[in-house]
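A.B. asks: target03.txt is reproduced below (compact mmCIF, C-alpha atoms).
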```txt
# COMPACT_ATOMS: atom_id res chain seq x y z
CA MET Q 1 130.21 121.46 86.37
CA CYS Q 2 129.63 121.36 90.14
CA GLN Q 3 132.40 122.17 92.60
CA ARG Q 4 132.50 118.58 93.88
CA THR Q 5 133.15 117.23 90.36
CA ILE Q 6 135.92 119.77 89.81
CA PHE Q 7 137.47 118.79 93.15
CA ARG Q 8 137.39 115.12 92.18
CA LYS Q 9 139.13 115.79 88.87
CA LEU Q 10 141.77 118.05 90.37
CA GLU Q 11 142.62 115.70 93.20
CA ASN Q 12 142.10 112.51 91.17
CA MET Q 13 139.70 111.19 93.80
CA GLU Q 14 136.82 108.86 93.12
CA ASN Q 15 135.08 108.99 96.49
CA VAL Q 16 134.10 111.92 98.68
CA VAL Q 17 133.50 111.70 102.43
CA PHE Q 18 131.20 114.25 104.00
CA GLY Q 19 132.32 115.23 107.47
CA LEU Q 20 129.96 117.06 109.82
CA GLU Q 21 130.13 118.38 113.34
CA PRO Q 22 126.89 117.30 115.05
CA THR Q 23 125.22 120.34 116.59
CA SER Q 24 121.89 119.73 118.29
CA ASN Q 25 119.50 118.52 115.54
CA TYR Q 26 120.73 120.80 112.75
CA HIS Q 27 122.94 118.18 111.12
CA LYS Q 28 120.28 115.47 110.96
CA PRO Q 29 118.26 116.60 107.90
CA LEU Q 30 121.40 117.07 105.79
CA THR Q 31 122.87 113.78 106.99
CA HIS Q 32 119.65 111.93 106.22
CA TRP Q 33 119.54 113.42 102.74
CA LEU Q 34 123.20 112.62 102.00
CA THR Q 35 122.95 109.01 103.20
CA GLY Q 36 119.77 108.63 101.17
CA LYS Q 37 121.78 109.57 98.09
CA GLY Q 38 124.33 106.88 98.90
CA HIS Q 39 127.08 109.19 100.20
CA LEU Q 40 129.41 108.32 103.06
CA VAL Q 41 128.88 110.62 106.06
CA VAL Q 42 131.06 110.76 109.17
CA LEU Q 43 130.74 112.84 112.31
CA VAL Q 44 133.47 114.55 114.32
CA ALA Q 45 132.95 115.26 118.01
CA GLY Q 46 132.65 118.86 119.14
CA LYS Q 47 135.35 118.29 121.76
CA ALA Q 48 137.74 117.06 119.05
CA VAL Q 49 136.92 120.08 116.89
CA LYS Q 50 137.64 122.45 119.76
CA ASP Q 51 140.92 120.76 120.73
CA ASN Q 52 142.14 120.53 117.14
CA ARG Q 53 141.36 124.13 116.19
CA GLU Q 54 144.51 125.61 117.68
CA LEU Q 55 146.68 122.90 116.11
CA LEU Q 56 145.91 124.11 112.58
CA ASP Q 57 147.76 127.41 112.85
CA GLY Q 58 148.34 127.99 116.54
CA ARG Q 59 145.35 130.32 116.85
CA TRP Q 60 141.94 129.93 118.45
CA ASP Q 61 139.95 132.19 116.11
CA LYS Q 62 136.80 130.65 114.67
CA ASN Q 63 135.20 131.14 111.27
CA ASP Q 64 133.44 129.05 108.63
CA THR Q 65 136.54 128.50 106.51
CA LYS Q 66 138.67 127.39 109.42
CA ASP Q 67 135.85 125.22 110.80
CA SER Q 68 135.62 123.37 107.48
CA ALA Q 69 139.37 122.87 107.35
CA ASN Q 70 139.31 121.68 110.95
CA VAL Q 71 136.65 119.04 110.23
CA ALA Q 72 138.48 117.92 107.09
CA ASP Q 73 141.74 117.60 109.04
CA LEU Q 74 140.10 115.40 111.68
CA VAL Q 75 138.46 113.22 109.03
CA SER Q 76 141.78 112.78 107.26
CA GLN Q 77 143.29 111.57 110.55
CA GLY Q 78 140.48 109.10 111.02
CA LYS Q 79 139.28 110.88 114.16
CA CYS Q 80 135.62 110.55 113.31
CA LEU Q 81 132.60 108.32 113.74
CA PHE Q 82 130.48 106.71 111.07
CA TYR Q 83 126.95 108.07 111.02
CA GLU Q 84 124.47 105.63 112.54
CA ASN Q 85 121.18 105.23 110.71
CA PRO Q 86 119.06 102.85 112.82
CA GLU Q 87 115.64 101.44 112.02
CA ALA Q 88 112.52 103.60 112.21
CA ASP Q 89 111.39 102.11 115.53
CA MET Q 90 114.75 102.94 117.12
CA LEU Q 91 114.53 106.51 115.85
CA ALA Q 92 111.03 106.84 117.27
CA LEU Q 93 112.18 105.38 120.58
CA ARG Q 94 115.07 107.83 120.81
CA SER Q 95 112.77 110.76 120.02
CA LEU Q 96 110.33 109.74 122.74
CA LEU Q 97 113.13 109.28 125.26
CA ALA Q 98 114.36 112.77 124.39
CA VAL Q 99 110.85 114.13 125.02
CA ARG Q 100 110.76 112.29 128.33
CA ARG Q 101 114.12 113.77 129.28
CA GLN Q 102 112.85 117.31 128.60
CA LEU Q 103 109.67 116.69 130.58
CA LYS Q 104 111.67 115.38 133.54
CA LYS Q 105 113.71 118.59 133.47
CA GLU Q 106 110.47 120.57 133.41
CA VAL Q 107 109.18 118.65 136.44
CA HIS Q 108 112.37 119.40 138.34
CA ARG Q 109 112.22 123.06 137.36
CA LEU Q 110 108.63 123.36 138.59
CA ARG Q 111 109.49 121.64 141.87
CA MET Q 112 112.29 124.15 142.45
CA ARG Q 113 110.03 127.09 141.56
CA ILE Q 114 107.40 125.92 144.02
CA ARG Q 115 109.91 125.24 146.76
CA ASN Q 116 112.15 128.28 146.34
CA GLY Q 117 109.57 130.75 145.03
CA LEU Q 118 106.56 129.93 147.22
CA LEU Q 119 107.42 127.83 150.26
CA ALA Q 120 110.53 129.82 151.10
CA LYS Q 121 108.47 133.02 151.28
CA TYR Q 122 105.09 132.01 152.59
CA PHE Q 123 105.52 128.78 154.56
CA PRO Q 124 109.25 128.21 155.23
CA GLU Q 125 108.56 125.76 158.07
CA MET Q 126 107.17 123.24 155.58
CA ASP Q 127 110.44 123.00 153.65
CA ARG Q 128 111.64 120.11 155.83
CA TYR Q 129 108.61 118.07 154.74
CA TRP Q 130 108.88 118.88 151.03
CA GLY Q 131 110.92 115.84 150.03
CA SER Q 132 108.12 113.26 150.42
CA CYS Q 133 104.44 112.80 149.51
CA ILE Q 134 104.48 115.17 146.54
CA THR Q 135 100.72 114.74 145.94
CA GLU Q 136 99.86 116.02 149.42
CA ASN Q 137 102.44 118.78 149.17
CA LEU Q 138 100.91 120.04 145.94
CA ALA Q 139 97.45 120.02 147.51
CA ILE Q 140 98.76 122.07 150.44
CA ILE Q 141 100.42 124.56 148.08
CA ARG Q 142 97.27 124.79 145.97
CA TRP Q 143 94.71 125.20 148.78
CA TYR Q 144 96.67 126.12 151.92
CA LEU Q 145 99.64 128.22 150.80
CA ASP Q 146 98.83 130.63 153.65
CA PRO Q 147 99.82 128.83 156.90
CA ARG Q 148 97.34 130.98 158.79
CA LYS Q 149 94.58 129.29 156.82
CA ILE Q 150 95.90 125.88 157.92
CA ALA Q 151 95.99 126.97 161.56
CA ALA Q 152 92.40 128.20 161.34
CA THR Q 153 91.22 124.88 159.84
CA ASP Q 154 90.34 121.87 161.95
CA PHE Q 155 92.97 119.14 161.58
CA GLU Q 156 90.49 116.49 160.42
CA VAL Q 157 89.12 118.81 157.73
CA PHE Q 158 92.66 119.70 156.66
CA VAL Q 159 93.58 116.01 156.30
CA GLN Q 160 90.48 115.19 154.26
CA HIS Q 161 91.17 118.12 151.93
CA VAL Q 162 94.81 117.39 151.11
CA THR Q 163 94.87 113.57 151.06
CA THR Q 164 93.47 111.03 148.62
CA THR Q 165 95.07 107.88 150.10
CA ASP Q 166 95.24 106.65 153.68
CA ARG Q 167 98.88 105.72 154.35
CA GLY Q 168 98.54 105.15 158.06
CA VAL Q 169 100.19 106.50 161.19
CA ARG Q 170 103.28 108.02 159.53
CA GLN Q 171 101.12 110.07 157.20
CA MET Q 172 99.01 111.39 160.09
CA ASN Q 173 102.10 112.29 162.12
CA ARG Q 174 103.59 114.17 159.18
CA LEU Q 175 100.42 116.15 158.49
CA ARG Q 176 99.96 116.90 162.18
CA LYS Q 177 103.47 118.36 162.36
CA ILE Q 178 102.70 120.54 159.32
CA HIS Q 179 99.44 121.65 160.93
CA GLU Q 180 101.24 122.55 164.17
CA ALA Q 181 104.05 124.36 162.32
CA ALA Q 182 101.49 126.50 160.52
CA GLY Q 183 100.37 128.00 163.83
CA ARG Q 184 103.82 129.46 164.51
CA SER Q 185 104.89 130.24 160.93
CA ILE Q 186 106.84 133.41 160.16
CA GLY Q 187 105.89 133.36 156.47
CA LEU Q 188 104.94 136.48 154.54
CA PRO Q 189 101.27 137.36 154.08
CA VAL Q 190 99.75 135.62 151.04
CA ASP Q 191 98.09 137.92 148.52
CA ASP Q 192 96.02 137.20 145.40
CA ALA Q 193 99.12 137.17 143.16
CA ALA Q 194 100.77 134.49 145.28
CA GLU Q 195 97.61 132.36 145.25
CA TYR Q 196 97.40 132.71 141.46
CA GLU Q 197 101.05 131.69 141.06
CA ALA Q 198 100.53 128.68 143.33
CA ARG Q 199 97.49 127.56 141.37
CA MET Q 200 99.28 128.02 138.04
CA LEU Q 201 102.42 126.12 139.08
CA VAL Q 202 100.51 123.22 140.62
CA GLU Q 203 98.29 122.84 137.55
CA ARG Q 204 101.33 122.98 135.26
CA PHE Q 205 103.13 120.40 137.40
CA LYS Q 206 100.20 118.00 137.18
CA ALA Q 207 99.93 118.58 133.43
CA VAL Q 208 103.60 117.74 132.88
CA GLU Q 209 103.25 114.61 135.02
CA LYS Q 210 100.31 113.58 132.83
CA GLU Q 211 102.37 114.21 129.70
CA LEU Q 212 105.12 112.02 131.15
CA GLU Q 213 102.65 109.18 131.60
CA GLN Q 214 101.49 109.57 128.00
CA VAL Q 215 105.07 109.51 126.70
CA MET Q 216 105.80 106.34 128.67
CA ASP Q 217 102.67 104.77 127.18
CA GLN Q 218 103.96 105.59 123.71
CA ILE Q 219 107.38 104.13 124.55
CA ASN Q 220 105.80 100.94 125.85
CA THR Q 221 103.61 100.68 122.75
CA ILE Q 222 106.69 100.70 120.52
CA CYS Q 223 108.68 98.39 122.75
CA ARG Q 224 105.97 95.74 123.00
CA GLU Q 225 106.50 95.02 119.30
CA LEU Q 226 110.27 94.51 119.73
CA PRO Q 227 111.51 91.02 120.72
CA SER Q 228 114.77 92.55 121.95
CA TYR Q 229 112.82 94.59 124.51
CA LYS Q 230 111.37 91.44 126.03
CA LEU Q 231 114.88 89.99 126.28
CA LEU Q 232 116.16 93.00 128.19
CA LEU Q 233 113.27 92.85 130.64
CA THR Q 234 114.64 89.51 131.86
CA ILE Q 235 117.69 91.29 133.32
CA PRO Q 236 117.17 92.04 137.04
CA GLY Q 237 116.75 95.77 137.59
CA PHE Q 238 115.62 96.46 134.02
CA GLY Q 239 112.10 97.89 133.87
CA PRO Q 240 109.87 99.78 131.42
CA TYR Q 241 112.26 102.76 131.38
CA ILE Q 242 115.75 101.22 131.69
CA ALA Q 243 115.12 98.56 129.03
CA PRO Q 244 114.08 101.07 126.30
CA LEU Q 245 116.96 103.35 127.30
CA VAL Q 246 119.55 100.59 126.87
CA LEU Q 247 117.86 99.29 123.73
CA SER Q 248 117.87 102.71 122.05
CA ALA Q 249 121.53 103.24 122.94
CA LEU Q 250 122.72 99.88 121.63
CA ALA Q 251 120.31 99.71 118.66
CA ASN Q 252 122.21 97.33 116.36
CA PRO Q 253 124.48 95.36 118.72
CA LEU Q 254 126.61 94.07 115.82
CA ARG Q 255 128.08 97.53 115.28
CA PHE Q 256 130.19 97.07 118.42
CA LYS Q 257 133.28 94.89 118.05
CA SER Q 258 134.22 94.54 121.72
CA ARG Q 259 132.90 95.06 125.21
CA LYS Q 260 135.26 98.01 125.63
CA GLN Q 261 133.37 99.92 122.94
CA VAL Q 262 130.07 99.18 124.68
CA ILE Q 263 131.36 100.37 128.04
CA ARG Q 264 132.77 103.54 126.49
CA LEU Q 265 129.31 104.25 125.06
CA ALA Q 266 128.06 104.98 128.57
CA GLY Q 267 131.26 106.62 129.82
CA LEU Q 268 131.84 103.77 132.29
CA ASP Q 269 135.37 103.07 131.06
CA LEU Q 270 138.16 103.62 133.59
CA ASN Q 271 140.82 106.31 133.20
CA ALA Q 272 143.73 107.40 135.38
CA SER Q 273 146.38 110.08 135.19
CA ARG Q 274 149.67 108.19 135.59
CA SER Q 275 152.08 110.64 134.00
CA GLY Q 276 155.04 111.08 136.33
CA LYS Q 277 153.40 109.02 139.07
CA LYS Q 278 153.78 105.57 140.44
CA SER Q 279 150.99 103.27 139.27
CA GLN Q 280 149.85 102.54 142.82
CA ASN Q 281 149.28 106.27 143.41
CA SER Q 282 146.92 106.63 140.44
CA VAL Q 283 143.27 105.83 141.12
CA PRO Q 284 141.23 104.97 138.02
CA VAL Q 285 137.86 106.70 137.70
CA ILE Q 286 135.13 106.42 135.09
CA SER Q 287 135.57 108.81 132.16
CA LYS Q 288 131.96 110.11 132.09
CA LYS Q 289 132.48 110.91 128.41
CA GLY Q 290 129.53 108.84 127.21
CA ASP Q 291 125.74 109.00 127.48
CA ALA Q 292 124.97 110.49 130.91
CA GLU Q 293 121.32 109.39 130.90
CA LEU Q 294 122.32 105.82 130.04
CA ARG Q 295 124.96 105.85 132.76
CA TYR Q 296 122.46 107.08 135.35
CA GLY Q 297 119.85 104.53 134.30
CA LEU Q 298 122.31 101.66 134.50
CA TYR Q 299 123.42 102.74 137.97
CA GLN Q 300 119.80 102.73 139.15
CA ALA Q 301 119.37 99.24 137.69
CA ALA Q 302 122.56 98.11 139.46
CA LEU Q 303 121.28 99.61 142.72
CA ILE Q 304 118.03 97.63 142.47
CA ALA Q 305 119.67 94.39 141.33
CA SER Q 306 122.37 94.48 144.01
CA CYS Q 307 119.64 94.70 146.67
CA HIS Q 308 116.99 92.33 145.35
CA ASN Q 309 118.66 89.74 143.10
CA ASP Q 310 120.70 86.89 144.56
CA GLY Q 311 123.22 86.75 141.73
CA PHE Q 312 124.01 90.45 141.60
CA ARG Q 313 123.90 90.69 145.40
CA ARG Q 314 126.53 87.96 145.56
CA ILE Q 315 128.78 89.82 143.12
CA TYR Q 316 128.23 93.07 145.01
CA ASN Q 317 129.20 91.49 148.34
CA ARG Q 318 132.31 89.92 146.79
CA MET Q 319 133.40 93.36 145.59
CA LEU Q 320 132.97 94.74 149.11
CA GLU Q 321 134.78 91.86 150.79
CA GLY Q 322 137.69 93.21 152.82
CA ARG Q 323 137.04 96.78 151.62
CA GLN Q 324 134.02 97.81 153.69
CA GLY Q 325 135.88 100.72 155.27
CA GLU Q 326 137.07 102.17 151.97
CA ARG Q 327 135.49 105.49 151.13
CA GLY Q 328 132.96 105.30 148.29
CA ILE Q 329 133.44 101.57 147.77
CA LYS Q 330 129.69 100.87 147.58
CA THR Q 331 129.24 103.38 144.78
CA LYS Q 332 132.29 102.00 142.96
CA ALA Q 333 130.96 98.46 143.24
CA ARG Q 334 127.60 99.44 141.80
CA VAL Q 335 129.28 101.33 138.95
CA LYS Q 336 131.15 98.13 138.08
CA ILE Q 337 127.88 96.22 138.20
CA ALA Q 338 126.30 98.85 135.93
CA ALA Q 339 129.07 98.31 133.37
CA LYS Q 340 128.62 94.54 133.67
CA MET Q 341 124.87 94.88 133.09
CA LEU Q 342 125.43 96.87 129.91
CA VAL Q 343 127.80 94.21 128.57
CA ILE Q 344 125.29 91.51 129.52
CA ALA Q 345 122.54 93.36 127.63
CA TRP Q 346 124.80 93.71 124.57
CA THR Q 347 125.70 90.02 124.64
CA MET Q 348 122.06 88.99 125.01
CA LEU Q 349 121.01 91.10 122.04
CA LYS Q 350 123.81 89.69 119.90
CA LYS Q 351 122.96 86.09 120.74
CA ASN Q 352 119.19 86.69 120.96
CA GLU Q 353 119.06 84.93 124.32
CA PRO Q 354 117.31 85.84 127.60
CA PHE Q 355 119.20 86.51 130.81
CA ASN Q 356 120.68 83.41 132.40
CA ALA Q 357 121.70 83.74 136.05
CA ILE Q 358 123.91 80.64 135.79
CA HIS Q 359 126.42 82.51 133.62
CA LEU Q 360 126.39 85.43 136.01
CA MET Q 361 127.13 83.28 139.04
CA ALA Q 362 129.95 81.49 137.24
CA GLU Q 363 131.66 84.66 136.06
CA PRO Q 364 134.66 85.66 138.21
CA VAL Q 365 134.88 89.14 139.67
CA HIS Q 366 138.17 91.00 139.45
CA HIS Q 367 139.02 93.77 141.92
CA ARG Q 368 140.51 97.00 140.66
```
Rewrite the coordinates I just gave you, this time as structure tokens.
C.D. replies:
Amino acid sequence: MCQRTIFRKLENMENVVFGLEPTSNYHKPLTHWLTGKGHLVVLVAGKAVKDNRELLDGRWDKNDTKDSANVADLVSQGKCLFYENPEADMLALRSLLAVRRQLKKEVHRLRMRIRNGLLAKYFPEMDRYWGSCITENLAIIRWYLDPRKIAATDFEVFVQHVTTTDRGVRQMNRLRKIHEAAGRSIGLPVDDAAEYEARMLVERFKAVEKELEQVMDQINTICRELPSYKLLLTIPGFGPYIAPLVLSALANPLRFKSRKQVIRLAGLDLNASRSGKKSQNSVPVISKKGDAELRYGLYQAALIASCHNDGFRRIYNRMLEGRQGERGIKTKARVKIAAKMLVIAWTMLKKNEPFNAIHLMAEPVHHR
């Protein structure tokens, strides 16, 4: 007789709930297998597990037995989440977005390695020009890491070698300043090892950028078959990255019972510490306890919509009315618009309707 059957007989229980602490991807195979067998699986947040550990016996020590008791205690209190098992296309979309997230981190890491490991040593004067025209910058790093080589090259030849697109006067002025700075550079001498590192990093950077394009193609291939994706694209500011991001986060919109739950998903819900304070002295701020990538994507969508769409621009200006001098008010207003956009997306998916600007214009805006 298995241990679970014995436990059921001893405790006179008919149903067993499996509680797991989600850790990276390690819980997913077991959870998938258990749900496939018809068992009820719930998840407890790692933060809740950490905070509840000391409440069991007043100690912070950690072991397998205490961890199991900790999870069971949280489940018995109802401090858990039901395991979500979305459709296959949503799972694929989430996996691809996770790959994209890792590739974006790799791109940032390579940019920092090039800037801090190469430019800072061999051509520090170019650092001020690093923030724009990444294609030209990479060509300069690849072929002209040694500023003395730039100074010895005719400007017209230098321009033809590092550019692929003619962007006009501003581009020429920028490259001319780089060419002039090379003549008075204090950078270290460039040896064969530095040239090899530059070539390796630039090639790796371009390869990761190519992989990013391929991942986005895969994401778009999946999304083109989803009617809900086409609905989200009707929202101003939602493009081929924001729409899949929101869609993968919401998945089945019927699993949310209120707009508060949707807003909490992204960590855009407001919180304030009012204990022992007057209410007017407590400033609410977003919790940031939800999906950080979703929160960032929604803010970018709000930034675009508040600049280029009449409806959202009107709401944005109403939020700023009379508060233009308040510190950070523009960011706060766009955060509120980001939360509104998430609720709009959830409502559209529930009702299976495209975005309608008339409802947006008619909706009142409340200041907080």
A.B. asks: To one decimal place, how far is CA of Phe18 in chain Q from CA of Leu254 in chain Q in Å?
C.D. replies: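 Answer for the CA of Phe18 in chain Q to CA of Leu254 in chain Q separation: 23.8 Å.
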A.B. asks: Could you list, as a list in words, every residue within 12 Å of Arg255 in chain Q, counting all atoms listed in the file and ignoring same-chain residues fewer than 3 positions away?
C.D. replies: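 So the residues in contact are Leu81, Phe82, Tyr83, Glu84, Asn85, Pro86, Ala249, Leu250, Ala251, Asn252, Ser258, Arg259, Gln261, Val262, Leu265, Trp346, Leu349 and Lys350 of chain Q.
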A.B. asks: Go ahead and find all residues with at least one atom no further than 12 Å from (101.1, 128.9, 156.1) in the file's coordinates, using all atoms listed in the file; report them as a PyMOL selection string.
C.D. replies: chain Q and resi 118-127+140-153+178-190+195
A.B. asks: Please identify all polymer residues within 12 Å of Thr331 in chain Q, counting all atoms listed in the file, omitting same-chain residues fewer than 2 positions from it, and present them as a PyMOL selection string.
C.D. replies: chain Q and resi 285-286+299-300+302-303+306+316+319-320+324+326-329+333-338
A.B. asks: Any chance you can output those residues with C-alpha atoms as a compact mmCIF listing (two decimals), in the coordinates of the input?
C.D. replies:
```txt
# COMPACT_ATOMS: atom_id res chain seq x y z
CA VAL Q 285 137.86 106.70 137.70
CA ILE Q 286 135.13 106.42 135.09
CA TYR Q 299 123.42 102.74 137.97
CA GLN Q 300 119.80 102.73 139.15
CA ALA Q 302 122.56 98.11 139.46
CA LEU Q 303 121.28 99.61 142.72
CA SER Q 306 122.37 94.48 144.01
CA TYR Q 316 128.23 93.07 145.01
CA MET Q 319 133.40 93.36 145.59
CA LEU Q 320 132.97 94.74 149.11
CA GLN Q 324 134.02 97.81 153.69
CA GLU Q 326 137.07 102.17 151.97
CA ARG Q 327 135.49 105.49 151.13
CA GLY Q 328 132.96 105.30 148.29
CA ILE Q 329 133.44 101.57 147.77
CA ALA Q 333 130.96 98.46 143.24
CA ARG Q 334 127.60 99.44 141.80
CA VAL Q 335 129.28 101.33 138.95
CA LYS Q 336 131.15 98.13 138.08
CA ILE Q 337 127.88 96.22 138.20
CA ALA Q 338 126.30 98.85 135.93
```
A.B. asks: Counting only C-alpha atoms, which residues in range 51-162 of chain Q sit no more than 9 Å from range 202-210 of chain Q? For each one, give the nearest pair of atoms and the distance in Å, sorted by chain then residue number, as a tab-separated table.
C.D. replies:
```
residue	atom	partner	partner_atom	distance
Q:Leu103	CA	Q:Val208	CA	6.6
Q:Lys104	CA	Q:Val208	CA	8.4
Q:Glu106	CA	Q:Val208	CA	7.4
Q:Val107	CA	Q:Phe205	CA	6.4
Q:Leu110	CA	Q:Phe205	CA	6.4
Q:Arg111	CA	Q:Phe205	CA	7.9
Q:Ile114	CA	Q:Val202	CA	8.1
Q:Leu138	CA	Q:Val202	CA	6.2
Q:Ala139	CA	Q:Val202	CA	8.2
Q:Ile141	CA	Q:Val202	CA	7.6
Q:Arg142	CA	Q:Val202	CA	6.4
```
A.B. asks: Using CA of Val283 in chain Q and CA of Cys80 in chain Q as the two end points, give the distance in Å to one decimal.
C.D. replies: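 Answer for the CA of Val283 in chain Q to CA of Cys80 in chain Q separation: 29.2 Å.
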A.B. asks: Enter the distance from CA of Leu231 in chain Q to CA of Ala357 in chain Q, in Å, rounded to one decimal.
C.D. replies: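 Computed distance, CA of Leu231 in chain Q to CA of Ala357 in chain Q, equals 13.5 Å.
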A.B. asks: With only C-alpha atoms as the basis for distance, which of Q:Pro354, Q:Gly78, Q:Pro22, Q:Gly297 is at the shortest distance from Ile235 in chain Q?
C.D. replies: Q:Pro354
A.B. asks: Could you give me, as a compact mmCIF listing (two decimals) with C-alpha atoms, in the coordinates of the input, the residues within 8 Å of Leu268 in chain Q, counting all atoms listed in the file and dropping anything in the same chain fewer than 6 positions from it?
C.D. replies:
```txt
# COMPACT_ATOMS: atom_id res chain seq x y z
CA ILE Q 286 135.13 106.42 135.09
CA SER Q 287 135.57 108.81 132.16
CA LYS Q 288 131.96 110.11 132.09
CA GLY Q 290 129.53 108.84 127.21
CA ARG Q 295 124.96 105.85 132.76
CA VAL Q 335 129.28 101.33 138.95
CA ALA Q 339 129.07 98.31 133.37
```
A.B. asks: Excluding Ile219 in chain Q and residues on its chain fewer than 3 positions from it, collect all residues at most 9 Å away from it, counting only C-alpha atoms, and give them as a list in words.
C.D. replies: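 The residues that qualify are Ala92, Leu93, Leu96, Leu97, Gln214, Val215, Met216, Ile222, Cys223, Arg224, Pro240, Tyr241 and Pro244 of chain Q.
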A.B. asks: Can you list, as an MDAnalysis selection string, every protein, DNA or RNA residue that comes within 10 Å of range 167-174 of chain Q when you count all atoms listed in the file, leaving out same-chain residues fewer than 5 positions away?
C.D. replies: chainID Q and resid 129 132:133 136 155:156 159 179
